[in-house]
Amino acid sequence: MAIEVDFRVGGGELALVDARHSLRPAWLADLCCGLLPLSGGSVRFLGHDWSAMPQDYAAALRGRIGRVFQSGNWIDFMDVATNVLLSQLHHTRDDPIDLRERAIALSCAFGLPGLPLVRPGDLAASDLARAACVRAFLGDPELILLESPVQGRFNSLIAPLLDALAAARDRGAAAIWFTRSDLVWHDLSFPATHRLRLGERGLVPVGLST
């Protein structure tokens, strides 16, 4: 069944999406990245239609999107540090030493002592969630997609995530936070520009009290 989605998130805006009753919120994040075929309409990022771009240009443009994946999306045979740095090393010409220093600073901001040098399977789930946030914010992305980043378990991540989002929004980045957490969704002080619910009818705007 086709689902109709019609929404826009501009620079400096944060959309909070209630995904508590959605079986697979990741499809919407995939849609934002131009990874799903459409039965109609278009998806645009920075003014560019994903379907109209050459594949190499689209791949480069995805390098400007930071994403916390719901399923982790780690390469198991690489250490976490390499996982965190890999996308930026591929998509940017920044000095690798400078990039690592920025990753270490972000790691500390998210509560890690530094870039983890162990493999993903050897890191505690809470620390792996922190490392996923470091990966998402590294490289000053233009769009940040957070798929249930606290998962209802890592509530200590909420404050540093909001701090990182505030800094990103101040420089003009857009963000979408998909939440499965009652704590996040029912927090009336959450600094969302848009509040929406993801369900069988697609995305539906909702008010603060719903």
# chains A, B, ... in the order shown; residues from 1 in each chain; ligands from 1
$ residues_around --residues "Leu38 of chain A" --least-positions-apart "6" --cutoff "12 Å" --atoms "only C-alpha atoms" --output "ChimeraX atom specification"
/A:2-5,28,30-32,49-51
$ select_by_dssp --residues "segment 37-149 of chain A" --states "strand (DSSP E or B)" --output "ChimeraX atom specification"
/A:44-45,48-49,65-68,143-147
$ write_last_selection --atoms "C-alpha atoms" --output "mmCIF file, in the first residue's frame"
data_model
loop_
_atom_site.group_PDB
_atom_site.id
_atom_site.type_symbol
_atom_site.label_atom_id
_atom_site.label_comp_id
_atom_site.auth_asym_id
_atom_site.auth_seq_id
_atom_site.Cartn_x
_atom_site.Cartn_y
_atom_site.Cartn_z
ATOM 1 C CA ARG A 44 14.587 17.053 -2.452
ATOM 2 C CA PHE A 45 17.692 17.728 -0.406
ATOM 3 C CA HIS A 48 18.195 18.831 -5.496
ATOM 4 C CA ASP A 49 15.779 16.104 -6.575
ATOM 5 C CA ILE A 65 23.702 13.801 5.962
ATOM 6 C CA GLY A 66 24.413 12.606 9.500
ATOM 7 C CA ARG A 67 22.385 9.631 10.670
ATOM 8 C CA VAL A 68 21.924 7.571 13.806
ATOM 9 C CA LEU A 143 20.703 17.233 7.643
ATOM 10 C CA ILE A 144 20.685 15.080 10.782
ATOM 11 C CA LEU A 145 18.447 12.003 10.995
ATOM 12 C CA LEU A 146 18.105 10.445 14.446
ATOM 13 C CA GLU A 147 16.315 7.091 14.434
#
$ closest_atom_pairs --of "segment 50-110 of chain A" --to "segment 161-183 of chain A" --cutoff "9 Å" --atoms "only C-alpha atoms" --output "CSV"
residue,atom,partner,partner_atom,distance
A:Leu106,CA,A:Ala164,CA,8.9
A:Ala109,CA,A:Ala164,CA,8.5
A:Phe110,CA,A:Leu161,CA,7.6
$ write_last_selection --atoms "C-alpha atoms" --output "short mmCIF file (atom, residue, chain, number, x, y, z; two decimals), in the first residue's frame"
data_model
loop_
_atom_site.label_atom_id
_atom_site.label_comp_id
_atom_site.auth_asym_id
_atom_site.auth_seq_id
_atom_site.Cartn_x
_atom_site.Cartn_y
_atom_site.Cartn_z
CA LEU A 106 32.49 15.04 20.07
CA ALA A 109 30.73 15.80 24.58
CA PHE A 110 28.59 12.65 24.35
#
$ residues_around --residues "Asn83 of chain A" --least-positions-apart "5" --cutoff "8 Å" --atoms "only C-alpha atoms" --output "ChimeraX atom specification"
/A:74-75,78,135
$ write_last_selection --atoms "all heavy atoms" --output "JSON list (two decimals), in the first residue's frame"
[["chain", "number", "residue", "atom", "x", "y", "z"],
["A", 74, "TRP", "N", 26.80, -0.91, 11.96],
["A", 74, "TRP", "CA", 28.25, -0.95, 12.20],
["A", 74, "TRP", "C", 28.90, -2.04, 11.36],
["A", 74, "TRP", "O", 28.30, -3.09, 11.10],
["A", 74, "TRP", "CB", 28.55, -1.22, 13.67],
["A", 74, "TRP", "CG", 27.99, -0.18, 14.60],
["A", 74, "TRP", "CD1", 26.86, -0.27, 15.36],
["A", 74, "TRP", "CD2", 28.55, 1.11, 14.85],
["A", 74, "TRP", "NE1", 26.68, 0.88, 16.07],
["A", 74, "TRP", "CE2", 27.69, 1.76, 15.78],
["A", 74, "TRP", "CE3", 29.68, 1.78, 14.39],
["A", 74, "TRP", "CZ2", 27.94, 3.03, 16.26],
["A", 74, "TRP", "CZ3", 29.91, 3.06, 14.86],
["A", 74, "TRP", "CH2", 29.06, 3.68, 15.78],
["A", 75, "ILE", "N", 30.14, -1.81, 10.94],
["A", 75, "ILE", "CA", 30.94, -2.82, 10.26],
["A", 75, "ILE", "C", 31.69, -3.58, 11.34],
["A", 75, "ILE", "O", 32.59, -3.04, 11.99],
["A", 75, "ILE", "CB", 31.92, -2.19, 9.26],
["A", 75, "ILE", "CG1", 31.14, -1.36, 8.23],
["A", 75, "ILE", "CG2", 32.76, -3.26, 8.56],
["A", 75, "ILE", "CD1", 32.02, -0.56, 7.28],
["A", 78, "MET", "N", 35.65, -3.89, 11.83],
["A", 78, "MET", "CA", 36.41, -2.66, 12.07],
["A", 78, "MET", "C", 36.17, -2.17, 13.48],
["A", 78, "MET", "O", 35.09, -2.39, 14.05],
["A", 78, "MET", "CB", 35.99, -1.57, 11.09],
["A", 78, "MET", "CG", 36.32, -1.82, 9.65],
["A", 78, "MET", "SD", 35.82, -0.40, 8.62],
["A", 78, "MET", "CE", 36.40, -0.93, 7.01],
["A", 135, "ARG", "N", 29.28, 9.81, 15.25],
["A", 135, "ARG", "CA", 29.34, 9.59, 13.80],
["A", 135, "ARG", "C", 28.35, 10.48, 13.07],
["A", 135, "ARG", "O", 28.64, 11.02, 12.00],
["A", 135, "ARG", "CB", 29.08, 8.11, 13.50],
["A", 135, "ARG", "CG", 29.11, 7.75, 12.04],
["A", 135, "ARG", "CD", 28.95, 6.26, 11.82],
["A", 135, "ARG", "NE", 27.69, 5.75, 12.37],
["A", 135, "ARG", "CZ", 27.33, 4.46, 12.32],
["A", 135, "ARG", "NH1", 28.15, 3.57, 11.78],
["A", 135, "ARG", "NH2", 26.18, 4.08, 12.84]]
$ residues_around --residues "Pro120 of chain A" --least-positions-apart "5" --cutoff "12 Å" --atoms "only C-alpha atoms" --output "PDB file with N, CA, C and O atoms, in the first residue's frame"
ATOM      1  N   GLY A  72      21.883   0.284  14.153  1.00  0.00           N
ATOM      2  CA  GLY A  72      23.315   0.385  14.421  1.00  0.00           C
ATOM      3  C   GLY A  72      24.137   0.641  13.183  1.00  0.00           C
ATOM      4  O   GLY A  72      24.870   1.604  13.090  1.00  0.00           O
ATOM      5  N   ASN A  73      24.039  -0.298  12.181  1.00  0.00           N
ATOM      6  CA  ASN A  73      24.761  -0.139  10.916  1.00  0.00           C
ATOM      7  C   ASN A  73      26.273  -0.039  11.115  1.00  0.00           C
ATOM      8  O   ASN A  73      26.944   0.783  10.496  1.00  0.00           O
ATOM      9  N   TRP A  74      26.805  -0.914  11.964  1.00  0.00           N
ATOM     10  CA  TRP A  74      28.248  -0.953  12.196  1.00  0.00           C
ATOM     11  C   TRP A  74      28.901  -2.044  11.356  1.00  0.00           C
ATOM     12  O   TRP A  74      28.304  -3.086  11.102  1.00  0.00           O
ATOM     13  N   ILE A  75      30.143  -1.807  10.942  1.00  0.00           N
ATOM     14  CA  ILE A  75      30.945  -2.820  10.257  1.00  0.00           C
ATOM     15  C   ILE A  75      31.694  -3.584  11.344  1.00  0.00           C
ATOM     16  O   ILE A  75      32.594  -3.045  11.991  1.00  0.00           O
ATOM     17  N   ASP A  76      31.306  -4.829  11.562  1.00  0.00           N
ATOM     18  CA  ASP A  76      31.744  -5.565  12.748  1.00  0.00           C
ATOM     19  C   ASP A  76      33.243  -5.818  12.804  1.00  0.00           C
ATOM     20  O   ASP A  76      33.820  -5.908  13.892  1.00  0.00           O
ATOM     21  N   PHE A  77      33.905  -5.968  11.645  1.00  0.00           N
ATOM     22  CA  PHE A  77      35.328  -6.315  11.684  1.00  0.00           C
ATOM     23  C   PHE A  77      36.231  -5.088  11.830  1.00  0.00           C
ATOM     24  O   PHE A  77      37.450  -5.224  11.941  1.00  0.00           O
ATOM     25  N   MET A  78      35.646  -3.890  11.834  1.00  0.00           N
ATOM     26  CA  MET A  78      36.409  -2.662  12.067  1.00  0.00           C
ATOM     27  C   MET A  78      36.167  -2.165  13.479  1.00  0.00           C
ATOM     28  O   MET A  78      35.090  -2.388  14.054  1.00  0.00           O
ATOM     29  N   ASP A  79      37.162  -1.493  14.053  1.00  0.00           N
ATOM     30  CA  ASP A  79      36.923  -0.920  15.372  1.00  0.00           C
ATOM     31  C   ASP A  79      35.964   0.262  15.259  1.00  0.00           C
ATOM     32  O   ASP A  79      35.696   0.778  14.164  1.00  0.00           O
ATOM     33  N   VAL A  80      35.415   0.672  16.407  1.00  0.00           N
ATOM     34  CA  VAL A  80      34.400   1.724  16.410  1.00  0.00           C
ATOM     35  C   VAL A  80      34.968   3.037  15.888  1.00  0.00           C
ATOM     36  O   VAL A  80      34.303   3.773  15.157  1.00  0.00           O
ATOM     37  N   ALA A  81      36.211   3.347  16.240  1.00  0.00           N
ATOM     38  CA  ALA A  81      36.833   4.591  15.786  1.00  0.00           C
ATOM     39  C   ALA A  81      36.851   4.666  14.262  1.00  0.00           C
ATOM     40  O   ALA A  81      36.512   5.693  13.665  1.00  0.00           O
ATOM     41  N   THR A  82      37.246   3.576  13.613  1.00  0.00           N
ATOM     42  CA  THR A  82      37.277   3.550  12.149  1.00  0.00           C
ATOM     43  C   THR A  82      35.867   3.668  11.582  1.00  0.00           C
ATOM     44  O   THR A  82      35.642   4.374  10.596  1.00  0.00           O
ATOM     45  N   ASN A  83      34.905   2.986  12.205  1.00  0.00           N
ATOM     46  CA  ASN A  83      33.510   3.110  11.797  1.00  0.00           C
ATOM     47  C   ASN A  83      33.038   4.555  11.838  1.00  0.00           C
ATOM     48  O   ASN A  83      32.364   5.033  10.928  1.00  0.00           O
ATOM     49  N   VAL A  84      33.397   5.253  12.903  1.00  0.00           N
ATOM     50  CA  VAL A  84      32.963   6.640  13.092  1.00  0.00           C
ATOM     51  C   VAL A  84      33.570   7.548  12.022  1.00  0.00           C
ATOM     52  O   VAL A  84      32.899   8.427  11.477  1.00  0.00           O
ATOM     53  N   LEU A 115      37.651   8.237  21.427  1.00  0.00           N
ATOM     54  CA  LEU A 115      37.159   7.362  20.363  1.00  0.00           C
ATOM     55  C   LEU A 115      37.409   5.901  20.749  1.00  0.00           C
ATOM     56  O   LEU A 115      38.556   5.513  20.975  1.00  0.00           O
ATOM     57  N   ALA A 125      26.295  -1.307  25.099  1.00  0.00           N
ATOM     58  CA  ALA A 125      25.243  -0.752  24.242  1.00  0.00           C
ATOM     59  C   ALA A 125      25.098   0.754  24.431  1.00  0.00           C
ATOM     60  O   ALA A 125      24.896   1.491  23.457  1.00  0.00           O
ATOM     61  N   SER A 126      25.214   1.232  25.659  1.00  0.00           N
ATOM     62  CA  SER A 126      25.070   2.667  25.915  1.00  0.00           C
ATOM     63  C   SER A 126      26.204   3.460  25.272  1.00  0.00           C
ATOM     64  O   SER A 126      25.984   4.544  24.713  1.00  0.00           O
ATOM     65  N   ASP A 127      27.421   2.920  25.331  1.00  0.00           N
ATOM     66  CA  ASP A 127      28.561   3.607  24.711  1.00  0.00           C
ATOM     67  C   ASP A 127      28.493   3.529  23.193  1.00  0.00           C
ATOM     68  O   ASP A 127      28.920   4.452  22.490  1.00  0.00           O
ATOM     69  N   LEU A 128      27.944   2.438  22.676  1.00  0.00           N
ATOM     70  CA  LEU A 128      27.784   2.320  21.223  1.00  0.00           C
ATOM     71  C   LEU A 128      26.758   3.336  20.727  1.00  0.00           C
ATOM     72  O   LEU A 128      26.914   3.905  19.637  1.00  0.00           O
ATOM     73  N   ALA A 129      25.723   3.590  21.526  1.00  0.00           N
ATOM     74  CA  ALA A 129      24.743   4.625  21.176  1.00  0.00           C
ATOM     75  C   ALA A 129      25.405   6.001  21.158  1.00  0.00           C
ATOM     76  O   ALA A 129      25.105   6.836  20.292  1.00  0.00           O
ATOM     77  N   ARG A 130      26.308   6.257  22.093  1.00  0.00           N
ATOM     78  CA  ARG A 130      27.037   7.534  22.110  1.00  0.00           C
ATOM     79  C   ARG A 130      27.929   7.659  20.874  1.00  0.00           C
ATOM     80  O   ARG A 130      28.003   8.721  20.247  1.00  0.00           O
ATOM     81  N   ALA A 131      28.603   6.564  20.527  1.00  0.00           N
ATOM     82  CA  ALA A 131      29.468   6.578  19.346  1.00  0.00           C
ATOM     83  C   ALA A 131      28.658   6.821  18.080  1.00  0.00           C
ATOM     84  O   ALA A 131      29.128   7.493  17.147  1.00  0.00           O
ATOM     85  N   ALA A 132      27.438   6.297  18.022  1.00  0.00           N
ATOM     86  CA  ALA A 132      26.574   6.523  16.860  1.00  0.00           C
ATOM     87  C   ALA A 132      26.238   8.004  16.717  1.00  0.00           C
ATOM     88  O   ALA A 132      26.155   8.531  15.602  1.00  0.00           O
TER      89      ALA A 132
END
$ select_by_dssp --residues "chain A" --states "helix (DSSP H, G or I)" --output "PyMOL selection string"
chain A and resi 26-32+50-52+55-62+80-91+96-109+120-122+125-137+155-170+182-185
$ atom_distance --atom1 "atom CA of Arg201 of chain A" --atom2 "atom CA of Ala29 of chain A"
16.5 Å
$ residues_around --residues "Leu198 of chain A" --least-positions-apart "6" --cutoff "9 Å" --atoms "only C-alpha atoms" --output "count of residues only"
10
$ atom_distance --atom1 "atom CA of Gln55 of chain A" --atom2 "atom CA of Leu35 of chain A"
10.9 Å
$ residues_around --residues "His194 of chain A" --least-positions-apart "5" --cutoff "9 Å" --atoms "only C-alpha atoms" --output "PDB file with N, CA, C and O atoms, in the first residue's frame"
ATOM      1  N   VAL A   9      11.281  20.186   6.034  1.00  0.00           N
ATOM      2  CA  VAL A   9      12.052  20.645   7.188  1.00  0.00           C
ATOM      3  C   VAL A   9      13.131  21.573   6.653  1.00  0.00           C
ATOM      4  O   VAL A   9      13.984  21.165   5.860  1.00  0.00           O
ATOM      5  N   GLU A  13      15.613  24.025  11.478  1.00  0.00           N
ATOM      6  CA  GLU A  13      14.396  23.452  12.057  1.00  0.00           C
ATOM      7  C   GLU A  13      14.638  22.038  12.578  1.00  0.00           C
ATOM      8  O   GLU A  13      15.540  21.325  12.106  1.00  0.00           O
ATOM      9  N   LEU A  14      13.813  21.646  13.544  1.00  0.00           N
ATOM     10  CA  LEU A  14      13.873  20.307  14.124  1.00  0.00           C
ATOM     11  C   LEU A  14      12.471  19.715  14.126  1.00  0.00           C
ATOM     12  O   LEU A  14      11.550  20.278  14.732  1.00  0.00           O
ATOM     13  N   ALA A  15      12.302  18.594  13.447  1.00  0.00           N
ATOM     14  CA  ALA A  15      11.027  17.884  13.432  1.00  0.00           C
ATOM     15  C   ALA A  15      11.118  16.701  14.390  1.00  0.00           C
ATOM     16  O   ALA A  15      12.044  15.889  14.294  1.00  0.00           O
ATOM     17  N   LEU A  16      10.181  16.622  15.323  1.00  0.00           N
ATOM     18  CA  LEU A  16      10.091  15.485  16.237  1.00  0.00           C
ATOM     19  C   LEU A  16       8.974  14.578  15.727  1.00  0.00           C
ATOM     20  O   LEU A  16       7.824  15.009  15.599  1.00  0.00           O
ATOM     21  N   VAL A  17       9.317  13.330  15.421  1.00  0.00           N
ATOM     22  CA  VAL A  17       8.360  12.396  14.838  1.00  0.00           C
ATOM     23  C   VAL A  17       8.081  11.270  15.827  1.00  0.00           C
ATOM     24  O   VAL A  17       9.001  10.555  16.253  1.00  0.00           O
ATOM     25  N   PRO A 205       0.630  15.839  11.229  1.00  0.00           N
ATOM     26  CA  PRO A 205       1.003  16.851  12.227  1.00  0.00           C
ATOM     27  C   PRO A 205       0.121  16.717  13.465  1.00  0.00           C
ATOM     28  O   PRO A 205      -1.074  16.432  13.381  1.00  0.00           O
ATOM     29  N   VAL A 206       0.733  16.905  14.636  1.00  0.00           N
ATOM     30  CA  VAL A 206      -0.016  16.804  15.892  1.00  0.00           C
ATOM     31  C   VAL A 206       0.339  18.004  16.776  1.00  0.00           C
ATOM     32  O   VAL A 206       1.376  18.652  16.603  1.00  0.00           O
TER      33      VAL A 206
END
$ residues_around --residues "Ile104 of chain A" --least-positions-apart "5" --cutoff "9 Å" --atoms "only C-alpha atoms" --output "list in words"
Leu99, Ala109, Leu112, Pro113, Gly114, Leu115 and Val134 of chain A
$ write_last_selection --atoms "C-alpha atoms" --output "PDB file, in the first residue's frame"
ATOM      1  CA  LEU A  99      39.015  15.025  11.712  1.00  0.00           C
ATOM      2  CA  ALA A 109      30.727  15.800  24.584  1.00  0.00           C
ATOM      3  CA  LEU A 112      32.846   8.896  26.084  1.00  0.00           C
ATOM      4  CA  PRO A 113      36.472   9.127  27.267  1.00  0.00           C
ATOM      5  CA  GLY A 114      37.612   9.222  23.631  1.00  0.00           C
ATOM      6  CA  LEU A 115      37.159   7.362  20.363  1.00  0.00           C
ATOM      7  CA  VAL A 134      29.428  11.111  17.287  1.00  0.00           C
TER       8      VAL A 134
END
$ decode --residues "segment 95-123 of chain A" --atoms "N, CA and C atoms" --output "short mmCIF file (atom, residue, chain, number, x, y, z; two decimals), in the first residue's frame"
data_model
loop_
_atom_site.label_atom_id
_atom_site.label_comp_id
_atom_site.auth_asym_id
_atom_site.auth_seq_id
_atom_site.Cartn_x
_atom_site.Cartn_y
_atom_site.Cartn_z
N ASP A 95 41.86 17.29 6.77
CA ASP A 95 43.02 16.58 7.28
C ASP A 95 42.56 15.47 8.24
N PRO A 96 43.01 14.23 8.04
CA PRO A 96 42.57 13.12 8.91
C PRO A 96 42.87 13.34 10.39
N ILE A 97 43.99 14.00 10.67
CA ILE A 97 44.34 14.26 12.07
C ILE A 97 43.34 15.24 12.68
N ASP A 98 43.00 16.29 11.93
CA ASP A 98 42.01 17.25 12.41
C ASP A 98 40.65 16.60 12.57
N LEU A 99 40.29 15.72 11.64
CA LEU A 99 39.02 15.02 11.71
C LEU A 99 38.96 14.15 12.96
N ARG A 100 40.04 13.46 13.26
CA ARG A 100 40.07 12.61 14.46
C ARG A 100 39.97 13.45 15.73
N GLU A 101 40.62 14.61 15.73
CA GLU A 101 40.54 15.47 16.91
C GLU A 101 39.11 15.96 17.13
N ARG A 102 38.42 16.27 16.04
CA ARG A 102 37.02 16.70 16.18
C ARG A 102 36.15 15.54 16.65
N ALA A 103 36.45 14.34 16.19
CA ALA A 103 35.70 13.17 16.63
C ALA A 103 35.93 12.90 18.12
N ILE A 104 37.15 13.10 18.57
CA ILE A 104 37.46 12.91 20.00
C ILE A 104 36.71 13.94 20.84
N ALA A 105 36.68 15.19 20.37
CA ALA A 105 35.95 16.23 21.09
C ALA A 105 34.47 15.91 21.17
N LEU A 106 33.89 15.43 20.07
CA LEU A 106 32.49 15.04 20.07
C LEU A 106 32.25 13.85 20.99
N SER A 107 33.19 12.91 21.00
CA SER A 107 33.07 11.74 21.87
C SER A 107 32.98 12.18 23.33
N CYS A 108 33.83 13.11 23.70
CA CYS A 108 33.81 13.61 25.08
C CYS A 108 32.49 14.33 25.37
N ALA A 109 31.99 15.08 24.40
CA ALA A 109 30.73 15.80 24.58
C ALA A 109 29.57 14.83 24.80
N PHE A 110 29.65 13.65 24.20
CA PHE A 110 28.59 12.65 24.35
C PHE A 110 28.85 11.67 25.49
N GLY A 111 29.89 11.93 26.28
CA GLY A 111 30.10 11.13 27.48
C GLY A 111 31.06 9.97 27.35
N LEU A 112 31.82 9.92 26.26
CA LEU A 112 32.85 8.90 26.08
C LEU A 112 34.22 9.46 26.48
N PRO A 113 35.13 8.63 26.93
CA PRO A 113 36.47 9.13 27.27
C PRO A 113 37.33 9.45 26.04
N GLY A 114 36.89 9.01 24.88
CA GLY A 114 37.61 9.22 23.63
C GLY A 114 37.00 8.34 22.57
N LEU A 115 37.65 8.24 21.43
CA LEU A 115 37.16 7.36 20.36
C LEU A 115 37.41 5.90 20.75
N PRO A 116 36.37 5.08 20.83
CA PRO A 116 36.56 3.67 21.21
C PRO A 116 37.38 2.91 20.17
N LEU A 117 38.36 2.16 20.65
CA LEU A 117 39.25 1.42 19.76
C LEU A 117 38.89 -0.06 19.68
N VAL A 118 37.82 -0.45 20.35
CA VAL A 118 37.37 -1.84 20.30
C VAL A 118 36.36 -2.01 19.18
N ARG A 119 36.04 -3.24 18.85
CA ARG A 119 35.03 -3.52 17.83
C ARG A 119 33.63 -3.28 18.40
N PRO A 120 32.66 -3.02 17.53
CA PRO A 120 31.31 -2.71 18.02
C PRO A 120 30.75 -3.75 18.98
N GLY A 121 31.00 -5.03 18.72
CA GLY A 121 30.47 -6.08 19.57
C GLY A 121 31.08 -6.12 20.96
N ASP A 122 32.20 -5.42 21.15
CA ASP A 122 32.88 -5.42 22.44
C ASP A 122 32.58 -4.16 23.26
N LEU A 123 31.72 -3.30 22.75
CA LEU A 123 31.40 -2.05 23.43
C LEU A 123 30.01 -2.14 24.05
#
